[in-house]
file target12.pdb (PDB, C-alpha atoms and all ligand atoms)
MODEL        1
ATOM      1  CA  LEU A   5     -21.095 -64.817 121.703
ATOM      2  CA  MET A   6     -17.862 -66.652 120.907
ATOM      3  CA  GLN A   7     -16.999 -63.881 118.459
ATOM      4  CA  LEU A   8     -17.159 -61.428 121.316
ATOM      5  CA  TYR A   9     -15.479 -63.699 123.795
ATOM      6  CA  LEU A  10     -12.300 -64.310 121.827
ATOM      7  CA  PRO A  11     -11.269 -60.692 121.381
ATOM      8  CA  LEU A  12     -12.187 -59.959 125.001
ATOM      9  CA  ASN A  13     -10.145 -62.894 126.124
ATOM     10  CA  PHE A  14      -7.259 -61.654 124.019
ATOM     11  CA  LEU A  15      -7.558 -58.183 125.522
ATOM     12  CA  GLY A  16      -7.569 -59.777 128.935
ATOM     13  CA  SER A  17      -4.238 -61.422 128.312
ATOM     14  CA  VAL A  18      -2.771 -58.271 126.783
ATOM     15  CA  TYR A  19      -4.049 -56.501 129.846
ATOM     16  CA  SER A  20      -2.408 -58.805 132.335
ATOM     17  CA  SER A  21       0.935 -58.813 130.562
ATOM     18  CA  LEU A  22       0.890 -55.027 130.370
ATOM     19  CA  ARG A  23      -0.163 -54.756 133.958
ATOM     20  CA  ASN A  24       2.836 -56.778 134.993
ATOM     21  CA  SER A  25       5.356 -54.789 133.092
ATOM     22  CA  LEU A  26       3.900 -51.304 133.534
ATOM     23  CA  VAL A  27       4.251 -50.881 129.811
ATOM     24  CA  ASP A  28       2.226 -48.196 128.161
ATOM     25  CA  LEU A  29      -0.421 -47.740 130.774
ATOM     26  CA  GLU A  30      -2.451 -45.209 128.910
ATOM     27  CA  HIS A  31      -2.768 -47.442 125.882
ATOM     28  CA  MET A  32      -4.055 -50.184 128.056
ATOM     29  CA  PHE A  33      -6.688 -48.022 129.657
ATOM     30  CA  ALA A  34      -7.838 -46.893 126.263
ATOM     31  CA  LEU A  35      -8.459 -50.551 125.476
ATOM     32  CA  MET A  36      -9.896 -51.600 128.776
ATOM     33  CA  ASP A  37     -11.715 -48.748 130.308
ATOM     34  CA  GLU A  38     -11.977 -50.018 133.821
ATOM     35  CA  GLN A  39     -10.538 -52.871 135.764
ATOM     36  CA  ALA A  40     -13.012 -55.206 137.413
ATOM     37  CA  ASP A  41     -11.515 -55.475 140.893
ATOM     38  CA  ILE A  42     -10.661 -51.790 141.292
ATOM     39  CA  THR A  43     -13.773 -49.675 141.619
ATOM     40  CA  ASP A  44     -14.508 -46.001 142.159
ATOM     41  CA  SER A  45     -16.158 -45.045 145.416
ATOM     42  CA  THR A  46     -19.672 -43.668 144.988
ATOM     43  CA  HIS A  47     -18.525 -40.184 145.985
ATOM     44  CA  ALA A  48     -15.227 -40.285 144.120
ATOM     45  CA  LEU A  49     -13.264 -37.050 144.250
ATOM     46  CA  GLY A  50     -11.748 -35.257 141.292
ATOM     47  CA  LEU A  51      -8.079 -34.296 141.208
ATOM     48  CA  PRO A  52      -6.494 -31.562 139.100
ATOM     49  CA  ALA A  53      -4.484 -33.383 136.450
ATOM     50  CA  ARG A  54      -2.180 -30.879 134.896
ATOM     51  CA  LEU A  55       0.612 -28.801 136.290
ATOM     52  CA  ASP A  56      -0.927 -25.713 134.691
ATOM     53  CA  GLU A  57      -4.163 -26.326 136.629
ATOM     54  CA  ALA A  58      -2.709 -26.788 140.111
ATOM     55  CA  PRO A  59       0.674 -26.921 141.848
ATOM     56  CA  ALA A  60       2.659 -30.157 141.949
ATOM     57  CA  ALA A  61       1.131 -32.935 144.048
ATOM     58  CA  ASP A  62       2.131 -34.210 147.474
ATOM     59  CA  ILE A  63       2.526 -37.996 147.754
ATOM     60  CA  ARG A  64       2.631 -40.086 150.893
ATOM     61  CA  PHE A  65       2.942 -43.839 151.422
ATOM     62  CA  GLU A  66       1.877 -44.775 154.959
ATOM     63  CA  ASP A  67       2.868 -48.223 156.192
ATOM     64  CA  VAL A  68       1.893 -49.824 152.878
ATOM     65  CA  HIS A  69       1.629 -53.600 152.751
ATOM     66  CA  PHE A  70       0.894 -55.491 149.589
ATOM     67  CA  SER A  71       0.751 -59.058 148.266
ATOM     68  CA  TYR A  72      -0.125 -60.209 144.776
ATOM     69  CA  ARG A  73      -0.960 -63.581 146.317
ATOM     70  CA  PRO A  74      -1.989 -64.287 149.895
ATOM     71  CA  ASP A  75       1.018 -66.488 150.627
ATOM     72  CA  ARG A  76       3.717 -63.956 149.816
ATOM     73  CA  GLU A  77       3.959 -60.392 151.059
ATOM     74  CA  ILE A  78       5.813 -58.188 148.567
ATOM     75  CA  LEU A  79       5.696 -54.845 150.410
ATOM     76  CA  ARG A  80       6.022 -55.051 154.173
ATOM     77  CA  GLY A  81       5.360 -51.654 155.646
ATOM     78  CA  VAL A  82       6.654 -49.037 153.222
ATOM     79  CA  SER A  83       6.432 -45.380 154.296
ATOM     80  CA  PHE A  84       7.786 -42.321 152.531
ATOM     81  CA  HIS A  85       6.825 -38.800 151.616
ATOM     82  CA  VAL A  86       7.437 -36.954 148.364
ATOM     83  CA  PRO A  87       6.656 -33.281 149.010
ATOM     84  CA  ALA A  88       5.306 -31.233 146.103
ATOM     85  CA  GLY A  89       7.929 -30.759 143.418
ATOM     86  CA  HIS A  90      10.461 -33.137 144.979
ATOM     87  CA  ARG A  91      12.209 -36.029 143.277
ATOM     88  CA  VAL A  92      12.569 -39.377 144.983
ATOM     89  CA  ALA A  93      14.402 -42.349 143.509
ATOM     90  CA  ILE A  94      13.806 -45.980 144.403
ATOM     91  CA  VAL A  95      16.706 -48.396 144.016
ATOM     92  CA  GLY A  96      17.372 -51.956 145.075
ATOM     93  CA  PRO A  97      17.947 -55.435 143.736
ATOM     94  CA  THR A  98      15.642 -57.075 141.232
ATOM     95  CA  GLY A  99      12.435 -58.300 142.842
ATOM     96  CA  ALA A 100      12.703 -55.861 145.772
ATOM     97  CA  GLY A 101       9.282 -54.372 145.015
ATOM     98  CA  LYS A 102      10.230 -51.153 143.199
ATOM     99  CA  SER A 103       7.826 -51.475 140.281
ATOM    100  CA  THR A 104       5.127 -52.683 142.639
ATOM    101  CA  ILE A 105       5.221 -49.244 144.269
ATOM    102  CA  SER A 106       4.497 -47.555 140.960
ATOM    103  CA  ARG A 107       1.730 -50.031 140.123
ATOM    104  CA  LEU A 108       0.078 -49.238 143.447
ATOM    105  CA  LEU A 109       0.395 -45.501 142.914
ATOM    106  CA  PHE A 110      -1.325 -45.887 139.549
ATOM    107  CA  ARG A 111      -3.915 -48.049 141.292
ATOM    108  CA  PHE A 112      -3.517 -51.177 139.238
ATOM    109  CA  TYR A 113      -3.959 -52.883 142.577
ATOM    110  CA  ASP A 114      -5.173 -51.725 145.954
ATOM    111  CA  VAL A 115      -2.917 -51.917 148.991
ATOM    112  CA  THR A 116      -3.496 -54.781 151.413
ATOM    113  CA  ALA A 117      -2.920 -52.516 154.410
ATOM    114  CA  GLY A 118      -1.813 -48.919 154.966
ATOM    115  CA  ARG A 119      -2.623 -46.017 152.664
ATOM    116  CA  ILE A 120      -1.322 -44.050 149.725
ATOM    117  CA  LEU A 121      -2.214 -40.374 149.817
ATOM    118  CA  ILE A 122      -2.089 -37.751 147.106
ATOM    119  CA  ASP A 123      -2.696 -34.200 148.297
ATOM    120  CA  GLY A 124      -3.814 -35.593 151.647
ATOM    121  CA  HIS A 125      -6.502 -37.939 150.316
ATOM    122  CA  ASP A 126      -6.368 -41.705 150.023
ATOM    123  CA  ILE A 127      -6.022 -42.493 146.312
ATOM    124  CA  ARG A 128      -9.028 -44.832 146.658
ATOM    125  CA  ASP A 129     -11.136 -41.696 147.219
ATOM    126  CA  TYR A 130     -10.357 -40.341 143.767
ATOM    127  CA  SER A 131     -11.950 -41.569 140.586
ATOM    128  CA  GLN A 132      -9.532 -43.752 138.642
ATOM    129  CA  ALA A 133      -9.831 -41.418 135.667
ATOM    130  CA  ALA A 134      -8.816 -38.447 137.834
ATOM    131  CA  LEU A 135      -5.922 -40.329 139.406
ATOM    132  CA  ARG A 136      -4.562 -41.599 136.105
ATOM    133  CA  GLY A 137      -4.987 -38.193 134.528
ATOM    134  CA  ALA A 138      -2.743 -36.678 137.190
ATOM    135  CA  VAL A 139       0.019 -39.289 136.916
ATOM    136  CA  GLY A 140       2.242 -39.423 133.834
ATOM    137  CA  VAL A 141       4.385 -42.463 133.197
ATOM    138  CA  VAL A 142       7.539 -42.808 131.154
ATOM    139  CA  PRO A 143       7.796 -46.599 131.036
ATOM    140  CA  GLN A 144      10.902 -48.693 130.469
ATOM    141  CA  ASP A 145       9.656 -49.839 127.170
ATOM    142  CA  THR A 146       7.098 -47.872 125.213
ATOM    143  CA  ILE A 147       4.808 -49.703 122.850
ATOM    144  CA  LEU A 148       3.874 -47.513 119.922
ATOM    145  CA  PHE A 149       0.485 -47.484 118.232
ATOM    146  CA  ASN A 150       0.339 -48.493 114.588
ATOM    147  CA  ASP A 151      -0.295 -44.911 113.661
ATOM    148  CA  THR A 152       1.698 -41.827 112.763
ATOM    149  CA  ILE A 153       4.526 -40.646 114.973
ATOM    150  CA  GLY A 154       2.582 -37.389 115.376
ATOM    151  CA  TYR A 155      -0.415 -39.271 116.757
ATOM    152  CA  ASN A 156       1.835 -41.261 119.063
ATOM    153  CA  ILE A 157       3.004 -38.007 120.644
ATOM    154  CA  ALA A 158      -0.383 -36.263 120.545
ATOM    155  CA  TYR A 159      -1.834 -39.177 122.499
ATOM    156  CA  GLY A 160      -0.456 -37.452 125.603
ATOM    157  CA  ARG A 161      -3.207 -34.885 125.129
ATOM    158  CA  LEU A 162      -5.640 -35.624 122.362
ATOM    159  CA  GLY A 163      -6.735 -32.292 120.980
ATOM    160  CA  ALA A 164      -3.267 -30.748 121.160
ATOM    161  CA  THR A 165      -2.404 -28.635 118.141
ATOM    162  CA  GLN A 166       0.329 -29.589 115.684
ATOM    163  CA  ALA A 167       2.401 -26.681 117.036
ATOM    164  CA  GLU A 168       2.084 -28.068 120.580
ATOM    165  CA  VAL A 169       3.036 -31.554 119.402
ATOM    166  CA  GLU A 170       6.120 -30.169 117.685
ATOM    167  CA  GLN A 171       7.064 -28.091 120.703
ATOM    168  CA  ALA A 172       6.887 -31.210 122.924
ATOM    169  CA  ALA A 173       8.947 -33.158 120.368
ATOM    170  CA  LYS A 174      11.579 -30.427 120.380
ATOM    171  CA  LEU A 175      11.807 -30.472 124.159
ATOM    172  CA  ALA A 176      12.150 -34.260 124.082
ATOM    173  CA  CYS A 177      14.908 -33.988 121.423
ATOM    174  CA  ILE A 178      13.017 -36.043 118.853
ATOM    175  CA  HIS A 179      11.844 -33.284 116.490
ATOM    176  CA  ASP A 180      15.015 -33.209 114.381
ATOM    177  CA  PHE A 181      14.881 -36.974 113.954
ATOM    178  CA  ILE A 182      11.207 -36.792 112.887
ATOM    179  CA  MET A 183      12.058 -34.173 110.283
ATOM    180  CA  THR A 184      14.458 -36.642 108.638
ATOM    181  CA  LEU A 185      11.651 -39.214 108.176
ATOM    182  CA  PRO A 186      10.098 -39.515 104.707
ATOM    183  CA  GLU A 187       6.734 -38.143 105.768
ATOM    184  CA  GLY A 188       7.759 -36.237 108.887
ATOM    185  CA  TYR A 189       5.090 -36.320 111.599
ATOM    186  CA  ALA A 190       2.798 -38.292 109.263
ATOM    187  CA  THR A 191       5.234 -41.225 109.107
ATOM    188  CA  ARG A 192       3.645 -44.412 110.354
ATOM    189  CA  VAL A 193       5.432 -46.218 113.173
ATOM    190  CA  GLY A 194       4.887 -49.327 115.284
ATOM    191  CA  GLU A 195       4.653 -52.980 114.356
ATOM    192  CA  ARG A 196       3.354 -52.258 110.859
ATOM    193  CA  GLY A 197       5.355 -49.085 110.288
ATOM    194  CA  LEU A 198       8.807 -47.745 110.886
ATOM    195  CA  LYS A 199      10.555 -49.448 113.790
ATOM    196  CA  LEU A 200      12.105 -47.020 116.226
ATOM    197  CA  SER A 201      15.090 -47.726 118.460
ATOM    198  CA  GLY A 202      14.699 -47.992 122.232
ATOM    199  CA  GLY A 203      16.038 -44.462 122.693
ATOM    200  CA  GLU A 204      13.708 -43.024 120.044
ATOM    201  CA  LYS A 205      10.693 -44.739 121.582
ATOM    202  CA  GLN A 206      11.619 -43.423 124.980
ATOM    203  CA  ARG A 207      11.806 -39.919 123.559
ATOM    204  CA  VAL A 208       8.333 -40.345 122.067
ATOM    205  CA  ALA A 209       7.153 -41.303 125.573
ATOM    206  CA  ILE A 210       8.839 -38.212 127.006
ATOM    207  CA  ALA A 211       7.231 -35.958 124.390
ATOM    208  CA  ARG A 212       3.858 -37.538 125.177
ATOM    209  CA  THR A 213       4.353 -36.817 128.865
ATOM    210  CA  ILE A 214       5.439 -33.232 128.194
ATOM    211  CA  LEU A 215       2.117 -32.736 126.373
ATOM    212  CA  LYS A 216       0.161 -34.431 129.144
ATOM    213  CA  ASN A 217       1.846 -32.145 131.708
ATOM    214  CA  PRO A 218       0.823 -34.292 134.693
ATOM    215  CA  ARG A 219       1.259 -33.227 138.332
ATOM    216  CA  VAL A 220       2.978 -36.500 139.172
ATOM    217  CA  LEU A 221       5.657 -38.177 137.103
ATOM    218  CA  LEU A 222       6.671 -41.832 137.328
ATOM    219  CA  LEU A 223       9.869 -42.706 135.541
ATOM    220  CA  ASP A 224      10.747 -46.321 135.088
ATOM    221  CA  GLU A 225      14.328 -46.148 133.959
ATOM    222  CA  ALA A 226      15.321 -48.551 131.206
ATOM    223  CA  THR A 227      17.607 -51.357 132.304
ATOM    224  CA  SER A 228      19.005 -51.832 128.842
ATOM    225  CA  ALA A 229      21.960 -49.627 128.158
ATOM    226  CA  LEU A 230      21.619 -47.019 125.446
ATOM    227  CA  ASP A 231      24.675 -45.503 123.827
ATOM    228  CA  THR A 232      26.216 -42.760 125.955
ATOM    229  CA  ARG A 233      25.207 -39.874 123.735
ATOM    230  CA  THR A 234      21.546 -40.981 123.542
ATOM    231  CA  GLU A 235      21.597 -41.654 127.243
ATOM    232  CA  GLN A 236      22.814 -38.146 127.985
ATOM    233  CA  ASP A 237      20.194 -36.584 125.706
ATOM    234  CA  ILE A 238      17.458 -38.612 127.333
ATOM    235  CA  GLN A 239      18.660 -37.786 130.811
ATOM    236  CA  ALA A 240      18.643 -34.094 129.931
ATOM    237  CA  ALA A 241      15.098 -34.365 128.555
ATOM    238  CA  LEU A 242      13.920 -36.290 131.622
ATOM    239  CA  HIS A 243      15.493 -33.724 133.896
ATOM    240  CA  MET A 244      13.503 -31.063 132.177
ATOM    241  CA  VAL A 245      10.227 -32.977 132.419
ATOM    242  CA  ALA A 246      10.814 -33.605 136.113
ATOM    243  CA  ALA A 247      11.479 -29.935 136.914
ATOM    244  CA  ASN A 248       8.936 -28.628 139.464
ATOM    245  CA  ARG A 249       6.966 -31.844 139.199
ATOM    246  CA  THR A 250       6.587 -34.421 141.942
ATOM    247  CA  THR A 251       8.635 -37.270 140.553
ATOM    248  CA  ILE A 252       9.289 -40.882 141.503
ATOM    249  CA  ILE A 253      12.123 -42.533 139.617
ATOM    250  CA  ILE A 254      12.675 -46.275 139.585
ATOM    251  CA  ALA A 255      16.364 -46.280 138.914
ATOM    252  CA  HIS A 256      18.787 -48.953 137.807
ATOM    253  CA  ARG A 257      21.845 -46.809 137.225
ATOM    254  CA  LEU A 258      22.781 -44.882 140.332
ATOM    255  CA  SER A 259      24.714 -42.304 138.307
ATOM    256  CA  THR A 260      21.407 -40.870 137.030
ATOM    257  CA  ILE A 261      19.992 -40.093 140.461
ATOM    258  CA  VAL A 262      22.856 -38.476 142.392
ATOM    259  CA  ASP A 263      21.016 -35.161 142.652
ATOM    260  CA  VAL A 264      17.524 -36.305 143.680
ATOM    261  CA  ASP A 265      16.052 -35.112 146.986
ATOM    262  CA  GLU A 266      15.879 -38.563 148.535
ATOM    263  CA  ILE A 267      16.938 -42.075 147.564
ATOM    264  CA  LEU A 268      15.039 -45.053 148.987
ATOM    265  CA  VAL A 269      17.026 -48.277 149.030
ATOM    266  CA  MET A 270      14.641 -51.220 148.971
ATOM    267  CA  GLY A 271      15.228 -54.846 149.781
ATOM    268  CA  GLN A 272      12.780 -57.656 150.493
ATOM    269  CA  GLY A 273       9.768 -55.361 150.480
ATOM    270  CA  ARG A 274      11.163 -52.837 152.951
ATOM    271  CA  ILE A 275      13.032 -49.563 152.782
ATOM    272  CA  LEU A 276      16.416 -50.482 154.215
ATOM    273  CA  GLU A 277      18.161 -47.128 153.835
ATOM    274  CA  ARG A 278      17.109 -43.635 152.839
ATOM    275  CA  GLY A 279      18.787 -40.285 152.346
ATOM    276  CA  THR A 280      20.572 -38.153 149.803
ATOM    277  CA  HIS A 281      23.312 -39.648 147.653
ATOM    278  CA  ARG A 282      25.959 -37.962 149.771
ATOM    279  CA  ALA A 283      24.438 -39.020 153.104
ATOM    280  CA  LEU A 284      24.078 -42.602 151.922
ATOM    281  CA  LEU A 285      27.662 -42.749 150.729
ATOM    282  CA  GLU A 286      28.851 -41.410 154.087
ATOM    283  CA  ARG A 287      26.809 -44.012 155.866
ATOM    284  CA  GLY A 288      28.855 -46.713 154.165
ATOM    285  CA  GLY A 289      26.000 -49.221 154.021
ATOM    286  CA  LEU A 290      24.103 -50.988 151.270
ATOM    287  CA  TYR A 291      23.867 -47.992 148.947
ATOM    288  CA  ALA A 292      27.575 -47.251 149.280
ATOM    289  CA  GLU A 293      28.250 -50.868 148.360
ATOM    290  CA  MET A 294      25.941 -50.694 145.310
ATOM    291  CA  TRP A 295      27.636 -47.461 144.252
ATOM    292  CA  ALA A 296      31.096 -49.044 144.489
ATOM    293  CA  ILE A 297      30.001 -52.072 142.457
ATOM    294  CA  GLN A 298      28.455 -49.930 139.703
ATOM    295  CA  ALA A 299      31.507 -47.676 139.567
ATOM    296  CA  GLU A 300      33.686 -50.756 139.109
ATOM    297  CA  GLU A 301      31.406 -52.123 136.377
ATOM    298  CA  GLU A 302      31.418 -48.798 134.556
ATOM    299  CA  ALA A 303      35.187 -48.600 134.748
ATOM    300  CA  ALA A 304      35.381 -52.106 133.300
ATOM    301  CA  GLY A 305      33.044 -50.977 130.513
ATOM    302  CA  THR A 306      30.271 -53.460 131.220
TER     303      THR A 306
HETATM  304  P1  LIG B 401      13.094 -55.225 138.896
HETATM  305  O1  LIG B 401      14.245 -54.351 139.296
HETATM  306  O2  LIG B 401      13.550 -56.550 138.413
HETATM  307  O3  LIG B 401      12.125 -54.570 137.978
HETATM  308  P2  LIG B 401      11.328 -54.792 141.190
HETATM  309  O4  LIG B 401      12.030 -54.360 142.426
HETATM  310  O5  LIG B 401      10.671 -53.706 140.401
HETATM  311  O6  LIG B 401      12.308 -55.612 140.266
HETATM  312  P3  LIG B 401       8.674 -55.904 141.401
HETATM  313  O7  LIG B 401       8.359 -55.931 139.950
HETATM  314  O8  LIG B 401       8.042 -54.855 142.224
HETATM  315  O9  LIG B 401      10.267 -55.875 141.615
HETATM  316  O10 LIG B 401       8.321 -57.339 141.975
HETATM  317  C1  LIG B 401       8.447 -57.659 143.343
HETATM  318  C2  LIG B 401       8.096 -59.115 143.555
HETATM  319  O11 LIG B 401       6.724 -59.313 143.238
HETATM  320  C3  LIG B 401       8.875 -60.061 142.665
HETATM  321  O12 LIG B 401       9.294 -61.155 143.465
HETATM  322  C4  LIG B 401       7.893 -60.527 141.637
HETATM  323  O13 LIG B 401       8.130 -61.856 141.295
HETATM  324  C5  LIG B 401       6.565 -60.384 142.334
HETATM  325  N1  LIG B 401       5.496 -60.062 141.384
HETATM  326  C6  LIG B 401       5.498 -59.018 140.509
HETATM  327  N2  LIG B 401       4.350 -59.010 139.798
HETATM  328  C7  LIG B 401       3.601 -60.040 140.207
HETATM  329  C8  LIG B 401       2.318 -60.570 139.865
HETATM  330  N3  LIG B 401       1.561 -59.980 138.939
HETATM  331  N4  LIG B 401       1.902 -61.672 140.509
HETATM  332  C9  LIG B 401       2.650 -62.276 141.447
HETATM  333  N5  LIG B 401       3.873 -61.837 141.835
HETATM  334  C10 LIG B 401       4.352 -60.738 141.230
ENDMDL
END
call {"tool": "encode", "arguments": {"input": "target12.pdb", "output": "structure tokens"}}
result
Amino acid sequence: LMQLYLPLNFLGSVYSSLRNSLVDLEHMFALMDEQADITDSTHALGLPARLDEAPAADIRFEDVHFSYRPDREILRGVSFHVPAGHRVAIVGPTGAGKSTISRLLFRFYDVTAGRILIDGHDIRDYSQAALRGAVGVVPQDTILFNDTIGYNIAYGRLGATQAEVEQAAKLACIHDFIMTLPEGYATRVGERGLKLSGGEKQRVAIARTILKNPRVLLLDEATSALDTRTEQDIQAALHMVAANRTTIIIAHRLSTIVDVDEILVMGQGRILERGTHRALLERGGLYAEMWAIQAEEEAAGT
């Protein structure tokens, strides 16, 4: 029994650290099929997963409250709507609750009060498999499998053909890099293989998501700065993935979200301001202040 217990215990700790950082969700669910405290309802609904099966999804947060622990409320009545195909960005200081919103949408946890709706149904009414099939995540930091780079991309849709994998890699601007590797798509990567840079890993995650073609996209923008050229390439690739897809972006650099449909400015578990970039600048409030500070930092080259 101990032989079984130890690996399970290990998986449990991997699970909780991944759950906290929203790193590589799909990998985690491959390891741990279901989570004990989140269960499917007996009449769980299906949900079309891919954008080629159904139009983009409609997402609604209705007065969502959430606490990880009973003594501290992290979200205190969060409401917003992302109509099909729209892009919404969430900004705010560290600890404001931005990542918590994406964890709730992926149903790592259930809300304490309020509801989250996709296409008009509470996400608790869908099976977890259906929900997670419909939501694609580009995490801040992608953990690669100890496998080939081709497999790491194909994981977005196991069963994809080599041509489809290469097409996704091209769109994510990683194909040319892969062709320079000694064994091309068969090159092993990850802990025991070739180490990829942060930008390369993120492009693998983008290619994976292009293959998955989910109806909802969650982007958790990297906090660590990449060099400007890489950054621009990645932004262009992300822009393309987000096109026509309902997208929620957790943003750290405001310059990447100036053209989204709505920006939500969070603080202390609430949405303090909301609007387009232009409207928020005109308002001259918190967002305008954050914008001025970032502009100054960028000018100073930090
Ligand atoms: P950042 O910009 O630093 O990523 P954030 O706005 O995404 O911050 P969250 O990760 O949503 O912030 O965290 C919100 C609050 O919830 C933080 O105070 C954090 O300490 C707390 N928190 C996050 N995860 C857990 C957890 N698993 N258990 C208890 N508290 C948690």
call {"tool": "resolve_selection", "arguments": {"input": "target12.pdb", "expression": "the PyMOL selection byres (((not hetatm)) within 9 of (chain B and resi 401))", "output": "VMD selection string"}}
result
chain A and resid 20 to 21 23 to 25 71 to 73 76 to 79 94 to 107 224 227 254 to 256 270 to 273
call {"tool": "closest_residue", "arguments": {"input": "target12.pdb", "among": "A:Gly279, A:Gly203, A:Pro218, A:Pro143", "to": "Thr232 in chain A", "atoms": "all atoms listed in the file"}}
result
A:Gly203
call {"tool": "resolve_selection", "arguments": {"input": "target12.pdb", "expression": "the PyMOL selection byres (((chain A and resi 148) around 10) and not hetatm)", "output": "list of chain:residue names"}}
result
A:Asp28, A:His31, A:Asp145, A:Thr146, A:Ile147, A:Phe149, A:Asn150, A:Asp151, A:Thr152, A:Ile153, A:Tyr155, A:Asn156, A:Ile157, A:Val193, A:Gly194, A:Glu195, A:Gly197, A:Lys199, A:Leu200, A:Lys205, A:Val208, A:Ala209
call {"tool": "atom_distance", "arguments": {"input": "target12.pdb", "atom1": "CA of Gln166 in chain A", "atom2": "CA of Tyr189 in chain A"}}
result
9.2 Å
call {"tool": "resolve_selection", "arguments": {"input": "target12.pdb", "expression": "the PyMOL selection byres (((chain A and resi 259) around 9) and not hetatm)", "output": "PyMOL selection string"}}
result
chain A and resi 256-258+260-262+295+298-299
call {"tool": "closest_residue", "arguments": {"input": "target12.pdb", "among": "A:Ser131, A:Ala246, A:His69, A:Val86", "to": "Thr116 in chain A", "atoms": "only C-alpha atoms"}}
result
A:His69
call {"tool": "residues_around", "arguments": {"input": "target12.pdb", "residues": "Cys177 in chain A", "least_positions_apart": "5", "cutoff": "10 Å", "atoms": "only C-alpha atoms", "output": "list in words"}}
result
Gln171, Ala172, Ile182, Glu204, Arg207, Val208, Ile210, Ala211, Thr234, Asp237, Ile238, Ala240 and Ala241 of chain A
call {"tool": "atom_distance", "arguments": {"input": "target12.pdb", "atom1": "CA of Ala88 in chain A", "atom2": "CA of Asp62 in chain A"}}
result
4.6 Å
call {"tool": "atom_distance", "arguments": {"input": "target12.pdb", "atom1": "CA of Val141 in chain A", "atom2": "CA of Glu168 in chain A"}}
result
19.3 Å
call {"tool": "build_atoms", "arguments": {"input": "target12.pdb", "residues": "range 89-100 of chain A", "atoms": "N, CA and C atoms", "output": "CSV table (one decimal), in the coordinates of the input"}}
result
chain,number,residue,atom,x,y,z
A,89,GLY,N,6.8,-31.2,144.2
A,89,GLY,CA,7.9,-30.8,143.4
A,89,GLY,C,9.2,-31.5,143.7
A,90,HIS,N,9.2,-32.4,144.7
A,90,HIS,CA,10.5,-33.1,145.0
A,90,HIS,C,10.7,-34.3,144.1
A,91,ARG,N,11.9,-34.8,144.0
A,91,ARG,CA,12.2,-36.0,143.3
A,91,ARG,C,12.7,-37.1,144.2
A,92,VAL,N,12.1,-38.3,144.2
A,92,VAL,CA,12.6,-39.4,145.0
A,92,VAL,C,12.9,-40.5,144.1
A,93,ALA,N,14.0,-41.2,144.3
A,93,ALA,CA,14.4,-42.3,143.5
A,93,ALA,C,14.3,-43.6,144.4
A,94,ILE,N,13.9,-44.7,143.7
A,94,ILE,CA,13.8,-46.0,144.4
A,94,ILE,C,14.8,-46.9,143.7
A,95,VAL,N,15.7,-47.5,144.6
A,95,VAL,CA,16.7,-48.4,144.0
A,95,VAL,C,16.7,-49.7,144.8
A,96,GLY,N,17.3,-50.7,144.3
A,96,GLY,CA,17.4,-52.0,145.1
A,96,GLY,C,17.5,-53.1,144.1
A,97,PRO,N,17.8,-54.3,144.6
A,97,PRO,CA,17.9,-55.4,143.7
A,97,PRO,C,16.7,-55.8,143.0
A,98,THR,N,16.8,-56.6,142.0
A,98,THR,CA,15.6,-57.1,141.2
A,98,THR,C,14.7,-57.9,142.1
A,99,GLY,N,13.4,-57.6,142.0
A,99,GLY,CA,12.4,-58.3,142.8
A,99,GLY,C,12.2,-57.6,144.2
A,100,ALA,N,12.8,-56.5,144.5
A,100,ALA,CA,12.7,-55.9,145.8
A,100,ALA,C,11.3,-55.2,146.0
